[in-house]
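*Asks:* Just passing along the structure, written as structure tokens.
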Amino acid sequence: MNPFQRGPRDLYSDDFATKRQPQIHARLANIDQARDWIARHYQQKQGLSNDWVNWSVIEWPLLDAALHALSNTQLSACFKRILFDRRHNRRGHPDLFMCRGDAYQWVEVKGPGDVLQPHQSRWLQFFHQNGICAKVVYVTSATSNS
């Protein structure tokens, strides 16, 4: 990759994962080291253009909390889901990650008249199937009685 490239050129090609199967398998086999290699990449790649990371909204303490909240099995399942369909599974992830101590949850926020889109429902179903705490919060507007 060069500094002007936002990701691998073949990221969305059908054989992306097949070409990299040994490396992917090695990473998933060592998922217990994910926090360390993600921390290294976070420090090395901070601020570089990337199709997958919005550096303006992700701070290390929150990412670190998410990595500690999810089990190795859950983290591995998330990576596999994204790899399964990179183009479509990068959309629909919940809006917020909230944590306090050991408690956490992913939250999809919906305003008045807003409904879950199919790709959002699929992420929520995936989280439910993998024991990952996630929910939808419906926000209503406050009305005055004056």
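If you're wondering about the labels, chains in the structure tokens are A, B, ... by order shown, residues count from 1 in each chain, ligands from 1 in order shown.
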So that I can see what lies close to A:Val137, please list as a ChimeraX atom specification the residues with an atom at most 9 Å from it, counting only C-alpha atoms and leaving out residues fewer than 3 positions away in the same chain.

*Replies:* /A:107-111

*Asks:* Name the residues in contact with A:His25 at a cut-off of 12 Å, using only C-alpha atoms, excluding same-chain residues fewer than 5 positions from it; report them as a list in words.

*Replies:*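 Returned residues: Ala17, Thr18, Lys19, Arg20, Asn30, Ile31, Ser76, Phe79, Lys80 and Leu83 of chain A.
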
*Asks:* Find the distance between atom CA of A:Arg6 and atom CA of A:Ser49 and write it in Å to one decimal.

*Replies:*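 Atom CA of A:Ser49 lies 5.3 Å from atom CA of A:Arg6.
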
*Asks:* Wanna dump the stretch 23-62 of chain A-stretch 88-99 of chain A contacts at 10 Å for me, each residue with its shortest atom pair and the distance in Å to one decimal, counting only C-alpha atoms, ordered by chain and number, as CSV?

*Replies:*
residue,atom,partner,partner_atom,distance
A:Asp51,CA,A:Arg90,CA,9.3
A:Trp52,CA,A:Arg90,CA,7.4
A:Leu62,CA,A:Phe97,CA,7.9

*Asks:* If you run DSSP on the backbone here, which positions in stretch 86-122 of chain A get strand (DSSP E or B)? Please write them as a ChimeraX atom specification.

*Replies:* /A:96-100,103-110

*Asks:* Within 12 Å of A:Ala39, counting only C-alpha atoms, which residues qualify if same-chain residues fewer than 3 places away don't, as a PyMOL selection string?

*Replies:* chain A and resi 33-36+42-46+59-65+67

*Asks:* Atom CA of A:Gln21 to atom CA of A:Gln125: how many Å, to one decimal?

*Replies:*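 Value for the atom CA of A:Gln21-atom CA of A:Gln125 distance: 26.4 Å.
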
*Asks:* Here is a test: counting only C-alpha atoms, which residue of A:Leu75, A:Val57, A:Ala134, A:Val139 is nearest to A:Ala29?

*Replies:* A:Leu75

*Asks:* Can you work out which one of A:Arg100, A:Ile38, A:Ala69, A:Arg81 has the shortest atom-to-atom distance to A:Arg122, counting only C-alpha atoms?

*Replies:* A:Arg81

*Asks:* Which distance in Å separates atom CA of A:Gln23 and atom CA of A:Ile132, to one decimal?

*Replies:*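 Separation of atom CA of A:Gln23 and atom CA of A:Ile132: 25.9 Å.
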
*Asks:* Hey, which of A:Ser56, A:Asn50, A:Gln105, A:Gln129 ends up closest to A:Gln74? Count only C-alpha atoms.

*Replies:*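 For A:Gln74, the nearest of the candidates is A:Gln129.
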
*Asks:* Given only C-alpha atoms as the basis, pick out the residue of A:Ser121, A:Leu116, A:Asp32, A:Asp15 nearest to A:Phe84.

*Replies:*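 Result for the nearest residue to A:Phe84: A:Asp15.
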